[in-house]
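**Student:** This is protein04.tsv (TSV, C-alpha atoms).
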```
chain	number	residue	atom	x	y	z
D	1	MET	CA	-70.64	19.53	2.78
D	2	LYS	CA	-69.37	21.15	-0.41
D	3	ILE	CA	-66.55	23.69	-0.26
D	4	LEU	CA	-65.05	25.80	-3.03
D	5	ILE	CA	-61.76	27.47	-2.11
D	6	LYS	CA	-60.91	30.13	-4.68
D	7	ASN	CA	-58.15	32.67	-5.37
D	8	ILE	CA	-55.57	30.43	-3.68
D	9	LYS	CA	-52.16	32.07	-3.82
D	10	GLU	CA	-50.59	28.64	-4.28
D	11	LEU	CA	-52.08	25.14	-4.00
D	12	LEU	CA	-49.26	22.83	-2.90
D	13	GLN	CA	-48.61	19.09	-3.19
D	14	VAL	CA	-50.81	18.68	-6.27
D	15	TYR	CA	-50.56	15.26	-7.91
D	16	ASP	CA	-52.98	13.88	-10.49
D	17	THR	CA	-51.48	10.48	-9.62
D	18	SER	CA	-49.76	10.41	-6.26
D	19	PRO	CA	-46.42	8.62	-5.83
D	20	GLU	CA	-45.89	6.49	-2.73
D	21	MET	CA	-43.11	8.79	-1.48
D	22	VAL	CA	-40.57	11.35	-2.66
D	23	LYS	CA	-36.83	10.83	-2.31
D	24	GLY	CA	-33.54	12.68	-2.49
D	25	SER	CA	-33.52	15.85	-4.59
D	26	LYS	CA	-37.24	15.43	-5.32
D	27	MET	CA	-37.94	16.22	-1.67
D	28	ALA	CA	-37.26	19.90	-2.31
D	29	GLU	CA	-40.03	20.01	-4.92
D	30	SER	CA	-43.74	20.53	-4.39
D	31	PRO	CA	-45.94	20.37	-7.49
D	32	SER	CA	-48.28	23.35	-7.26
D	33	ILE	CA	-50.78	25.59	-9.00
D	34	HIS	CA	-50.52	29.36	-8.55
D	35	ASN	CA	-53.72	31.44	-8.44
D	36	SER	CA	-55.86	28.34	-8.10
D	37	TRP	CA	-59.02	26.79	-6.74
D	38	LEU	CA	-59.94	23.58	-4.93
D	39	PHE	CA	-63.38	21.95	-4.79
D	40	ILE	CA	-64.26	19.57	-1.96
D	41	LYS	CA	-67.35	17.40	-2.11
D	42	GLU	CA	-68.41	15.58	1.05
D	43	ASP	CA	-65.17	14.12	2.48
D	44	LYS	CA	-63.15	13.92	-0.75
D	45	ILE	CA	-61.02	16.18	-2.91
D	46	TYR	CA	-63.15	16.43	-6.02
D	47	ASP	CA	-61.38	18.84	-8.37
D	48	TYR	CA	-58.87	21.68	-8.63
D	49	GLY	CA	-57.30	23.94	-11.22
D	50	SER	CA	-56.25	27.43	-12.28
D	51	MET	CA	-58.53	30.38	-11.53
D	52	LYS	CA	-58.67	31.25	-15.22
D	53	ASP	CA	-60.58	28.00	-15.76
D	54	LEU	CA	-63.03	28.38	-12.86
D	55	ASP	CA	-66.68	29.22	-13.44
D	56	THR	CA	-67.70	30.20	-9.91
D	57	VAL	CA	-71.28	31.01	-10.89
D	58	ALA	CA	-71.76	27.54	-12.34
D	59	TYR	CA	-70.64	25.95	-9.05
D	60	ILE	CA	-72.94	28.18	-7.00
D	61	GLU	CA	-75.91	27.36	-9.25
D	62	LYS	CA	-75.21	23.62	-9.20
D	63	TYR	CA	-74.57	23.32	-5.46
D	64	LYS	CA	-77.06	25.33	-3.42
D	65	ASP	CA	-75.34	24.43	-0.13
D	66	LEU	CA	-71.89	25.42	-1.41
D	67	LYS	CA	-69.52	27.13	1.03
D	68	VAL	CA	-67.18	29.51	-0.82
D	69	ILE	CA	-63.87	30.50	0.81
D	70	ASP	CA	-61.72	33.29	-0.61
D	71	ALA	CA	-58.07	32.33	-0.06
D	72	SER	CA	-56.48	35.41	-1.60
D	73	GLY	CA	-52.87	35.69	-0.45
D	74	LYS	CA	-53.04	32.29	1.25
D	75	TYR	CA	-51.50	28.86	0.73
D	76	VAL	CA	-53.43	25.60	0.73
D	77	PHE	CA	-51.84	22.18	1.25
D	78	PRO	CA	-52.63	18.74	2.73
D	79	SER	CA	-52.96	18.64	6.49
D	80	PHE	CA	-50.17	17.24	8.64
D	81	LEU	CA	-49.64	13.54	9.30
D	82	ASP	CA	-47.77	12.55	12.46
D	83	PRO	CA	-46.41	8.99	12.10
D	84	HIS	CA	-44.76	8.56	15.51
D	85	THR	CA	-46.36	9.50	18.85
D	86	HIS	CA	-46.91	8.18	22.37
D	87	LEU	CA	-49.97	10.35	22.83
D	88	VAL	CA	-51.68	8.02	25.34
D	89	TYR	CA	-49.95	8.44	28.69
D	90	PRO	CA	-50.97	8.81	32.33
D	91	GLY	CA	-49.26	12.03	33.38
D	92	SER	CA	-46.55	14.59	32.70
D	93	ARG	CA	-42.89	14.20	33.69
D	94	GLU	CA	-41.74	17.76	34.28
D	95	GLY	CA	-39.78	16.55	37.32
D	96	GLU	CA	-37.42	14.74	34.96
D	97	PHE	CA	-37.25	17.89	32.85
D	98	VAL	CA	-35.85	19.67	35.89
D	99	ASP	CA	-33.47	16.75	36.56
D	100	ARG	CA	-32.04	17.16	33.06
D	101	ILE	CA	-31.59	20.89	33.63
D	102	LYS	CA	-29.55	19.90	36.71
D	103	GLY	CA	-27.33	17.70	34.55
D	104	LEU	CA	-28.75	14.16	34.60
D	105	SER	CA	-28.86	12.35	31.26
D	106	TYR	CA	-31.88	10.54	29.77
D	107	GLU	CA	-30.18	7.21	30.44
D	108	GLU	CA	-29.29	8.12	34.05
D	109	ILE	CA	-32.90	9.04	34.72
D	110	ALA	CA	-34.04	5.74	33.17
D	111	ARG	CA	-31.63	3.71	35.34
D	112	ARG	CA	-33.14	5.34	38.46
D	113	GLY	CA	-36.60	4.10	37.48
D	114	GLY	CA	-37.58	7.26	35.62
D	115	GLY	CA	-38.38	7.71	31.98
D	116	ILE	CA	-40.52	4.98	30.45
D	117	LEU	CA	-40.68	3.06	33.75
D	118	ASN	CA	-42.00	6.19	35.50
D	119	SER	CA	-44.89	6.37	33.04
D	120	ALA	CA	-45.43	2.61	33.31
D	121	GLN	CA	-45.92	2.85	37.07
D	122	LYS	CA	-48.33	5.77	36.69
D	123	LEU	CA	-50.28	3.90	34.03
D	124	ARG	CA	-50.88	0.94	36.33
D	125	ASP	CA	-52.49	3.32	38.81
D	126	THR	CA	-54.60	5.19	36.23
D	127	ALA	CA	-58.15	4.16	35.35
D	128	GLU	CA	-58.83	3.43	31.68
D	129	ASP	CA	-61.50	6.14	31.41
D	130	GLU	CA	-59.11	8.72	32.84
D	131	LEU	CA	-56.43	7.63	30.40
D	132	TYR	CA	-58.87	7.99	27.51
D	133	GLU	CA	-60.09	11.42	28.57
D	134	SER	CA	-56.59	12.89	28.87
D	135	ALA	CA	-55.55	11.37	25.54
D	136	MET	CA	-58.63	12.77	23.81
D	137	ILE	CA	-57.67	16.25	25.02
D	138	ARG	CA	-54.25	15.82	23.39
D	139	LEU	CA	-55.79	14.41	20.22
D	140	ASN	CA	-58.11	17.40	19.97
D	141	GLU	CA	-55.13	19.67	20.62
D	142	ILE	CA	-53.13	18.36	17.66
D	143	MET	CA	-56.23	18.31	15.47
D	144	ALA	CA	-56.70	22.02	16.20
D	145	MET	CA	-53.08	22.59	15.08
D	146	GLY	CA	-53.65	20.95	11.70
D	147	THR	CA	-52.94	17.24	12.16
D	148	SER	CA	-55.45	14.97	10.40
D	149	GLY	CA	-53.74	11.62	10.99
D	150	VAL	CA	-51.63	10.24	13.81
D	151	GLU	CA	-49.92	7.00	14.79
D	152	ILE	CA	-50.19	6.23	18.52
D	153	LYS	CA	-48.09	3.63	20.34
D	154	SER	CA	-48.65	1.62	23.46
D	155	GLY	CA	-45.52	0.90	25.51
D	156	TYR	CA	-46.22	2.38	28.92
D	157	GLY	CA	-48.10	-0.71	30.09
D	158	LEU	CA	-45.19	-3.19	30.09
D	159	SER	CA	-47.54	-5.95	31.21
D	160	VAL	CA	-50.32	-7.85	29.46
D	161	GLU	CA	-52.99	-5.92	31.35
D	162	GLY	CA	-51.29	-2.54	30.94
D	163	GLU	CA	-50.58	-2.89	27.23
D	164	MET	CA	-54.13	-4.05	26.49
D	165	LYS	CA	-55.45	-1.10	28.48
D	166	MET	CA	-53.46	1.33	26.35
D	167	LEU	CA	-54.45	-0.34	23.08
D	168	ARG	CA	-58.13	-0.31	24.06
D	169	VAL	CA	-57.81	3.44	24.69
D	170	ILE	CA	-56.22	3.94	21.27
D	171	LYS	CA	-59.05	1.93	19.68
D	172	LYS	CA	-61.62	4.10	21.45
D	173	LEU	CA	-59.85	7.25	20.25
D	174	ARG	CA	-59.99	5.90	16.70
D	175	GLU	CA	-63.72	5.24	17.03
D	176	ASN	CA	-64.59	8.62	18.54
D	177	SER	CA	-62.36	11.14	16.75
D	178	PRO	CA	-62.48	12.42	13.17
D	179	VAL	CA	-58.67	12.19	13.12
D	180	LEU	CA	-57.23	9.14	11.33
D	181	VAL	CA	-55.64	7.03	14.09
D	182	LYS	CA	-53.19	4.17	13.51
D	183	SER	CA	-52.30	1.91	16.43
D	184	THR	CA	-48.90	0.43	17.25
D	185	PHE	CA	-48.14	-2.27	19.82
D	186	LEU	CA	-44.91	-1.36	21.64
D	187	GLY	CA	-44.69	-3.88	24.45
D	188	ALA	CA	-40.94	-3.95	23.80
D	189	HIS	CA	-40.46	-0.34	24.92
D	190	ALA	CA	-38.39	-1.14	28.03
D	191	ILE	CA	-37.69	-4.03	30.39
D	192	PRO	CA	-39.86	-3.67	33.53
D	193	LEU	CA	-37.97	-3.49	36.81
D	194	GLU	CA	-39.33	-6.85	37.96
D	195	TYR	CA	-37.72	-8.54	34.94
D	196	ARG	CA	-34.35	-6.75	34.99
D	197	ASP	CA	-32.68	-9.98	36.12
D	198	ASN	CA	-34.70	-12.13	33.72
D	199	ARG	CA	-35.07	-10.27	30.43
D	200	GLN	CA	-35.90	-13.47	28.58
D	201	LYS	CA	-39.01	-13.99	30.72
D	202	TYR	CA	-40.42	-10.59	29.74
D	203	ILE	CA	-39.70	-11.16	26.05
D	204	ASP	CA	-41.44	-14.56	26.34
D	205	ILE	CA	-44.49	-12.73	27.71
D	206	ILE	CA	-44.44	-10.30	24.76
D	207	VAL	CA	-44.13	-13.13	22.22
D	208	HIS	CA	-46.42	-15.75	23.73
D	209	GLU	CA	-49.04	-13.67	25.57
D	210	MET	CA	-49.18	-10.05	24.41
D	211	ILE	CA	-48.86	-10.44	20.64
D	212	PRO	CA	-51.47	-13.23	20.31
D	213	GLU	CA	-53.96	-11.23	22.39
D	214	VAL	CA	-53.30	-8.01	20.45
D	215	ALA	CA	-53.92	-9.87	17.21
D	216	ALA	CA	-57.00	-11.74	18.45
D	217	LEU	CA	-58.63	-8.50	19.59
D	218	GLU	CA	-57.44	-6.59	16.47
D	219	LEU	CA	-55.97	-3.81	18.62
D	220	ALA	CA	-52.96	-2.80	16.52
D	221	ASP	CA	-51.89	-2.10	12.96
D	222	PHE	CA	-48.14	-2.23	13.63
D	223	ILE	CA	-45.56	-3.65	16.03
D	224	ASP	CA	-42.59	-1.65	17.33
D	225	VAL	CA	-39.43	-2.34	19.34
D	226	PHE	CA	-37.02	0.08	21.04
D	227	CYS	CA	-33.82	-1.37	19.55
D	228	ASP	CA	-31.09	0.67	21.17
D	229	ARG	CA	-28.35	0.70	23.78
D	230	GLY	CA	-29.78	-0.10	27.20
D	231	PHE	CA	-33.11	-1.31	25.83
D	232	PHE	CA	-33.51	-4.22	23.36
D	233	THR	CA	-30.74	-5.94	21.42
D	234	VAL	CA	-30.90	-6.77	17.73
D	235	GLU	CA	-31.50	-10.44	18.56
D	236	GLU	CA	-34.33	-9.60	20.95
D	237	THR	CA	-35.78	-7.16	18.43
D	238	GLU	CA	-35.79	-9.74	15.65
D	239	ARG	CA	-37.53	-12.28	17.84
D	240	VAL	CA	-40.32	-9.84	18.66
D	241	LEU	CA	-40.68	-8.71	15.05
D	242	MET	CA	-40.88	-12.28	13.76
D	243	ALA	CA	-43.63	-13.04	16.27
D	244	GLY	CA	-45.52	-9.92	15.24
D	245	LEU	CA	-45.21	-10.71	11.53
D	246	LYS	CA	-46.65	-14.18	12.22
D	247	TYR	CA	-49.81	-12.41	13.40
D	248	GLY	CA	-49.92	-9.85	10.60
D	249	LEU	CA	-48.43	-6.89	12.47
D	250	LYS	CA	-46.19	-4.79	10.21
D	251	PRO	CA	-42.93	-3.65	11.86
D	252	LYS	CA	-41.88	-0.13	12.82
D	253	ILE	CA	-38.71	0.38	14.90
D	254	HIS	CA	-37.24	2.86	17.36
D	255	ALA	CA	-33.62	2.76	16.17
D	256	ASN	CA	-30.26	4.40	16.76
D	257	GLU	CA	-31.41	7.18	19.08
D	258	LEU	CA	-28.68	6.53	21.65
D	259	ASP	CA	-26.00	4.68	19.68
D	260	TYR	CA	-25.24	2.68	16.56
D	261	SER	CA	-27.54	-0.13	17.67
D	262	GLY	CA	-28.12	-2.18	14.52
D	263	GLY	CA	-31.77	-1.23	14.70
D	264	ILE	CA	-31.83	0.28	11.22
D	265	GLN	CA	-30.41	-2.90	9.71
D	266	ALA	CA	-32.93	-5.01	11.64
D	267	GLY	CA	-35.77	-2.82	10.43
D	268	VAL	CA	-34.74	-3.12	6.80
D	269	LYS	CA	-34.22	-6.89	7.18
D	270	TYR	CA	-37.83	-7.30	8.29
D	271	ASP	CA	-39.30	-4.79	5.80
D	272	ALA	CA	-40.25	-2.29	8.48
D	273	LEU	CA	-42.61	0.44	7.33
D	274	SER	CA	-40.34	2.94	9.08
D	275	VAL	CA	-37.28	3.20	11.29
D	276	ASP	CA	-37.52	6.16	13.63
D	277	HIS	CA	-35.17	8.53	15.53
D	278	LEU	CA	-31.87	7.73	13.70
D	279	GLU	CA	-29.67	10.23	15.51
D	280	PHE	CA	-26.80	7.76	15.07
D	281	THR	CA	-26.79	7.06	11.34
D	282	GLY	CA	-23.62	6.54	9.32
D	283	GLU	CA	-22.65	5.49	5.82
D	284	GLN	CA	-23.44	1.83	6.46
D	285	GLU	CA	-26.96	2.61	7.69
D	286	ILE	CA	-27.60	4.95	4.77
D	287	GLU	CA	-26.49	2.29	2.28
D	288	VAL	CA	-28.84	-0.25	3.84
D	289	LEU	CA	-31.76	2.17	3.67
D	290	LYS	CA	-31.07	3.03	0.02
D	291	ASP	CA	-31.98	-0.50	-1.06
D	292	SER	CA	-35.20	-0.66	0.95
D	293	GLU	CA	-38.81	0.47	1.06
D	294	THR	CA	-38.41	1.52	4.71
D	295	MET	CA	-39.07	5.18	5.51
D	296	PRO	CA	-36.44	6.93	7.68
D	297	THR	CA	-38.48	8.99	10.14
D	298	LEU	CA	-36.76	11.73	12.12
D	299	LEU	CA	-38.02	13.10	15.44
D	300	PRO	CA	-36.36	16.50	15.87
D	301	GLY	CA	-38.55	17.42	18.84
D	302	ALA	CA	-36.93	14.69	20.95
D	303	ALA	CA	-33.38	15.62	20.01
D	304	PHE	CA	-34.20	19.27	20.72
D	305	PHE	CA	-35.86	18.61	24.08
D	306	LEU	CA	-33.15	16.21	25.30
D	307	GLY	CA	-30.25	18.24	23.91
D	308	MET	CA	-29.02	15.27	21.87
D	309	LYS	CA	-27.20	15.17	18.54
D	310	ASN	CA	-29.27	15.58	15.41
D	311	PRO	CA	-29.49	12.90	12.72
D	312	PRO	CA	-27.59	13.56	9.47
D	313	ALA	CA	-30.67	14.61	7.52
D	314	ARG	CA	-28.81	16.44	4.76
D	315	GLU	CA	-26.49	13.52	4.14
D	316	MET	CA	-29.48	11.19	3.97
D	317	ILE	CA	-31.26	13.29	1.36
D	318	GLU	CA	-28.09	13.79	-0.65
D	319	ALA	CA	-27.70	9.99	-0.71
D	320	GLY	CA	-31.14	9.78	-2.33
D	321	LEU	CA	-33.20	8.74	0.70
D	322	PRO	CA	-36.73	9.87	1.54
D	323	LEU	CA	-37.41	11.40	4.97
D	324	ALA	CA	-40.49	11.75	7.12
D	325	LEU	CA	-40.80	13.93	10.22
D	326	ALA	CA	-42.88	13.17	13.31
D	327	SER	CA	-43.45	14.84	16.66
D	328	ASP	CA	-42.74	11.88	19.02
D	329	TYR	CA	-45.39	13.48	21.28
D	330	ASN	CA	-44.74	11.91	24.70
D	331	PRO	CA	-44.37	13.01	28.33
D	332	GLY	CA	-40.64	12.48	28.72
D	333	SER	CA	-38.70	13.47	25.64
D	334	SER	CA	-41.02	15.47	23.37
D	335	PRO	CA	-44.11	16.86	25.12
D	336	SER	CA	-45.53	18.60	22.03
D	337	GLY	CA	-47.48	17.53	18.96
D	338	ASN	CA	-47.15	20.85	17.14
D	339	MET	CA	-46.18	19.90	13.59
D	340	GLN	CA	-45.57	23.52	12.58
D	341	PHE	CA	-42.82	23.59	15.20
D	342	ILE	CA	-41.52	20.26	13.92
D	343	MET	CA	-41.24	21.89	10.47
D	344	SER	CA	-39.26	24.71	12.05
D	345	LEU	CA	-36.91	22.28	13.80
D	346	GLY	CA	-36.52	20.41	10.52
D	347	CYS	CA	-35.20	23.59	8.92
D	348	ILE	CA	-33.29	25.08	11.87
D	349	LYS	CA	-31.72	21.94	13.35
D	350	LEU	CA	-31.68	19.47	10.46
D	351	LYS	CA	-30.91	22.04	7.75
D	352	LEU	CA	-33.81	20.90	5.59
D	353	LEU	CA	-35.34	23.22	3.01
D	354	PRO	CA	-38.97	24.39	3.37
D	355	GLY	CA	-40.09	22.14	0.51
D	356	GLU	CA	-38.31	19.20	2.11
D	357	VAL	CA	-40.05	19.62	5.45
D	358	LEU	CA	-43.41	20.00	3.70
D	359	ASN	CA	-42.90	16.67	1.96
D	360	ALA	CA	-41.69	15.16	5.24
D	361	VAL	CA	-44.90	16.04	7.10
D	362	THR	CA	-47.33	15.22	4.28
D	363	ILE	CA	-46.67	12.60	1.59
D	364	ASN	CA	-43.74	10.85	3.29
D	365	ALA	CA	-45.38	11.00	6.72
D	366	ALA	CA	-48.48	9.41	5.18
D	367	TYR	CA	-46.30	6.59	3.83
D	368	ALA	CA	-44.73	6.10	7.27
D	369	MET	CA	-48.15	5.38	8.78
D	370	ASP	CA	-49.49	3.43	5.79
D	371	ALA	CA	-52.00	6.12	4.87
D	372	GLY	CA	-50.67	7.19	1.49
D	373	ASP	CA	-53.69	5.89	-0.42
D	374	THR	CA	-55.95	8.42	1.28
D	375	HIS	CA	-53.79	11.21	2.72
D	376	GLY	CA	-50.70	13.31	2.08
D	377	THR	CA	-51.34	14.98	-1.30
D	378	ILE	CA	-53.89	17.07	-3.17
D	379	THR	CA	-55.18	14.34	-5.45
D	380	ARG	CA	-58.71	13.77	-6.77
D	381	GLY	CA	-60.45	11.14	-4.67
D	382	LYS	CA	-58.22	11.49	-1.64
D	383	ASN	CA	-59.44	12.49	1.79
D	384	ALA	CA	-60.38	16.16	1.98
D	385	SER	CA	-58.23	17.21	4.93
D	386	VAL	CA	-56.44	20.42	4.00
D	387	LEU	CA	-55.02	23.52	5.64
D	388	ILE	CA	-55.45	27.15	4.64
D	389	THR	CA	-52.78	29.52	5.91
D	390	GLY	CA	-53.22	33.16	6.78
D	391	LYS	CA	-51.84	35.72	4.37
D	392	ILE	CA	-48.15	34.85	4.34
D	393	PRO	CA	-45.40	35.80	1.88
D	394	SER	CA	-44.11	32.29	1.15
D	395	LEU	CA	-44.11	28.66	2.25
D	396	ALA	CA	-40.78	29.34	3.98
D	397	TYR	CA	-42.56	31.74	6.33
D	398	ILE	CA	-44.15	28.79	8.19
D	399	PRO	CA	-40.89	27.24	9.49
D	400	TYR	CA	-39.26	30.69	9.67
D	401	SER	CA	-41.84	32.09	12.09
D	402	PHE	CA	-41.40	29.34	14.67
D	403	GLY	CA	-43.86	29.53	17.52
D	404	SER	CA	-46.49	31.32	15.43
D	405	ASP	CA	-49.69	29.66	14.26
D	406	ASN	CA	-49.84	30.27	10.53
D	407	ILE	CA	-52.88	28.06	9.90
D	408	GLU	CA	-56.08	30.07	9.59
D	409	THR	CA	-58.59	27.40	8.50
D	410	ILE	CA	-58.60	23.64	9.03
D	411	ILE	CA	-60.75	21.40	6.87
D	412	LEU	CA	-60.92	17.84	8.22
D	413	ASN	CA	-62.69	15.10	6.27
D	414	GLY	CA	-64.44	17.75	4.21
D	415	LYS	CA	-65.69	19.75	7.20
D	416	ILE	CA	-64.50	23.13	8.43
D	417	LEU	CA	-63.38	22.98	12.06
```
The structure given in the file should be rewritten as structure tokens.
**Tutor:**
Amino acid sequence: MKILIKNIKELLQVYDTSPEMVKGSKMAESPSIHNSWLFIKEDKIYDYGSMKDLDTVAYIEKYKDLKVIDASGKYVFPSFLDPHTHLVYPGSREGEFVDRIKGLSYEEIARRGGGILNSAQKLRDTAEDELYESAMIRLNEIMAMGTSGVEIKSGYGLSVEGEMKMLRVIKKLRENSPVLVKSTFLGAHAIPLEYRDNRQKYIDIIVHEMIPEVAALELADFIDVFCDRGFFTVEETERVLMAGLKYGLKPKIHANELDYSGGIQAGVKYDALSVDHLEFTGEQEIEVLKDSETMPTLLPGAAFFLGMKNPPAREMIEAGLPLALASDYNPGSSPSGNMQFIMSLGCIKLKLLPGEVLNAVTINAAYAMDAGDTHGTITRGKNASVLITGKIPSLAYIPYSFGSDNIETIILNGKIL
């Protein structure tokens, strides 16, 4: 398919040569072309420029099957990337939602066998086909809201059989959806109840049984650990990460959601692609991140849903760090994959500027899921997954009008949805 989008009010995130990420003050900037056009050929961004340089007739004559879209008054930018989700899960947990309204904390619910362990029990009782079908519905849902790439974690299996089941489902989603899917092994998501009195035994299973099988079957791109108070210690985290690295699994870490856990430092030590959550981040953690290639990834949907403190996003940017944003789509702490709402939370709760949240859900989010070579910017040769807004007054209108769908047209891999 060949698509010519013309009369674009502003084409955003335009890079002739795309950087890996943007940091600090650069996060507020978005290279753009006003009154512009974009040409898509097959599944790639082919060319772009100013309307004064466009010969529309020549394009129509050259490409007989050309689809022309008039984007007068509209913005065009790369589609959303979501680098942290738990999109494969066996059922909702609205009962815990009500428990929190009544005053129970996330940790209190977890200690009673709720939270992750609740989903783990449901997963054991859910057939693989059923798990796949429900996950595909969610994947189609986020695709229809403008997400072209997503990272999906295991972590509700908490057994060799359960984790492999989840990872097989993620692999099947990757094979059957036009959305770019990255897979993360998260066997170290929680300690199962049966191993509460023998944590070392469960970690041995992760290291000696799960990781080798994940690698042998090529079921994951990354490995993750929930390094936080009440979950996995720094020492346990490092052991799991070292085992994963031995088998070629690049680290990502859940870190500092509940306390100053040392998870950020562990992530940087093992060259993690990203460290995620980061509600508890101080000067020491920021200094460690400044000297690294690890992407700090914030999950404002979880902090919002759980009523927790927000990470110090402004301080992180002012220290020169990059930031990515992700939805954390999961049944217990962030049951939404709406990246437009995540942009709104980034502005409202984290005090990020509109340009900063745009960078956080495009180029930096692509980096956080190792997809920067193909996604995240308007660059010749990159994947042609772009969004066309309705007629809106400014980029800021998207996070401002929270709850509204400001995306009018979705182009995924060069095809109009």
**Student:** Counting all atoms listed in the file, what is within 7 Å of Ile264 of chain D, bar same-chain residues fewer than 2 positions away, as a PyMOL selection string?
**Tutor:** chain D and resi 255+262+266-268+275+285
**Student:** Quick one: write out the picked residues with C-alpha atoms as a PDB file, in the frame of the given file?
**Tutor:**
```
ATOM      1  CA  ALA D 255     -33.620   2.760  16.170  1.00  0.00           C
ATOM      2  CA  GLY D 262     -28.120  -2.180  14.520  1.00  0.00           C
ATOM      3  CA  ALA D 266     -32.930  -5.010  11.640  1.00  0.00           C
ATOM      4  CA  GLY D 267     -35.770  -2.820  10.430  1.00  0.00           C
ATOM      5  CA  VAL D 268     -34.740  -3.120   6.800  1.00  0.00           C
ATOM      6  CA  VAL D 275     -37.280   3.200  11.290  1.00  0.00           C
ATOM      7  CA  GLU D 285     -26.960   2.610   7.690  1.00  0.00           C
TER       8      GLU D 285
END
```
**Student:** For atom CA of Gln265 of chain D and atom CA of Val22 of chain D, determine how far apart the two atoms are, in Å to one decimal place.
**Tutor:**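 Separation of atom CA of Gln265 of chain D and atom CA of Val22 of chain D: 21.4 Å.
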**Student:** With distances taken over only C-alpha atoms, which of D:Glu235, D:Ala220, D:Phe280, D:Ala365 is nearest to Pro251 of chain D?
**Tutor:** D:Ala220
**Student:** May I ask which of the residues D:Asn7, D:Asn310, D:Thr297, D:Asn256 is the closest one to Thr56 of chain D, counting all atoms listed in the file?
**Tutor:**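 Comparing D:Asn7, D:Asn310, D:Thr297, D:Asn256 against Thr56 of chain D, the winner is D:Asn7.
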**Student:** Select, from D:Pro296, D:Gly73, D:Gly114, D:Pro212, the residue with the minimum atom-to-atom distance to Met369 of chain D, counting all atoms listed in the file.
**Tutor:**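 Of D:Pro296, D:Gly73, D:Gly114, D:Pro212, the one nearest Met369 of chain D is D:Pro296, counting all atoms listed in the file.
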**Student:** To one decimal in Å, tell me the separation between atom CA of Ile211 of chain D and atom CA of Asn118 of chain D.
**Tutor:** 23.3 Å
**Student:** Can you pull out the residues contacting Ile3 of chain D? Cut-off 9 Å, using all atoms listed in the file, and skip same-chain residues under 2 positions away; I want them as a PyMOL selection string.
**Tutor:** chain D and resi 1+5+38-42+65-69+414-416
**Student:** For a cutoff of 12 Å around the file-coordinate point (-43.9, 29.3, 13.2), which residues qualify once you count all atoms listed in the file? I'd like the result as a list in words.
**Tutor:** Met145, Asn338, Met339, Gln340, Phe341, Ile342, Met343, Ser344, Leu345, Gly346, Cys347, Ile348, Thr389, Gly390, Ile392, Leu395, Ala396, Tyr397, Ile398, Pro399, Tyr400, Ser401, Phe402, Gly403, Ser404, Asp405, Asn406 and Ile407 of chain D
**Student:** Please provide as a compact mmCIF listing (two decimals) with C-alpha atoms, in the coordinates of the input all residues within 10 Å of Leu417 of chain D, with the sequence filter that same-chain residues fewer than 5 positions apart are discarded (counting only C-alpha atoms).
**Tutor:**
```txt
# COMPACT_ATOMS: atom_id res chain seq x y z
CA MET D 143 -56.23 18.31 15.47
CA ALA D 144 -56.70 22.02 16.20
CA GLY D 146 -53.65 20.95 11.70
CA THR D 409 -58.59 27.40 8.50
CA ILE D 410 -58.60 23.64 9.03
CA ILE D 411 -60.75 21.40 6.87
CA LEU D 412 -60.92 17.84 8.22
```
**Student:** Please provide the set of residues having any atom within 9 Å of Tyr202 of chain D, restricted to all atoms listed in the file, with same-chain residues fewer than 4 positions apart removed, written as a JSON list (two decimals) with C-alpha atoms, keeping the file's coordinate frame.
**Tutor:**
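The result, written out as result-v9.json:
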```json
[["chain", "number", "residue", "atom", "x", "y", "z"],
["D", 158, "LEU", "CA", -45.19, -3.19, 30.09],
["D", 159, "SER", "CA", -47.54, -5.95, 31.21],
["D", 188, "ALA", "CA", -40.94, -3.95, 23.80],
["D", 191, "ILE", "CA", -37.69, -4.03, 30.39],
["D", 192, "PRO", "CA", -39.86, -3.67, 33.53],
["D", 195, "TYR", "CA", -37.72, -8.54, 34.94],
["D", 196, "ARG", "CA", -34.35, -6.75, 34.99],
["D", 198, "ASN", "CA", -34.70, -12.13, 33.72],
["D", 206, "ILE", "CA", -44.44, -10.30, 24.76],
["D", 207, "VAL", "CA", -44.13, -13.13, 22.22]]
```
**Student:** Would you kindly return, as a ChimeraX atom specification, each protein, DNA or RNA residue with an atom no farther than 8 Å from any atom of Ile170 of chain D, considering only C-alpha atoms and excluding same-chain residues fewer than 6 positions away?
**Tutor:** /D:88,132,152,181,183
**Student:** Could you save the residues just selected, with C-alpha atoms, as a short mmCIF file (atom, residue, chain, number, x, y, z; two decimals), in the coordinates of the input?
**Tutor:**
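Produced file result.cif, reproduced below:
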```cif
data_model
loop_
_atom_site.label_atom_id
_atom_site.label_comp_id
_atom_site.auth_asym_id
_atom_site.auth_seq_id
_atom_site.Cartn_x
_atom_site.Cartn_y
_atom_site.Cartn_z
CA VAL D 88 -51.68 8.02 25.34
CA TYR D 132 -58.87 7.99 27.51
CA ILE D 152 -50.19 6.23 18.52
CA VAL D 181 -55.64 7.03 14.09
CA SER D 183 -52.30 1.91 16.43
#
```
**Student:** Would you mind listing, for every residue of segment 37-108 of chain D within 12 Å of segment 153-156 of chain D, the two atoms forming the shortest contact and the distance between them in Å to one decimal, using only C-alpha atoms, sorted by chain and ascending residue number, as a Markdown table?
**Tutor:**
```
| residue | atom | partner | partner_atom | distance |
| --- | --- | --- | --- | --- |
| D:Asp82 | CA | D:Lys153 | CA | 11.9 |
| D:Pro83 | CA | D:Lys153 | CA | 10.0 |
| D:His84 | CA | D:Lys153 | CA | 7.7 |
| D:Thr85 | CA | D:Lys153 | CA | 6.3 |
| D:His86 | CA | D:Lys153 | CA | 5.1 |
| D:Leu87 | CA | D:Lys153 | CA | 7.4 |
| D:Val88 | CA | D:Ser154 | CA | 7.3 |
| D:Tyr89 | CA | D:Tyr156 | CA | 7.1 |
| D:Pro90 | CA | D:Tyr156 | CA | 8.7 |
| D:Gly91 | CA | D:Tyr156 | CA | 11.1 |
```
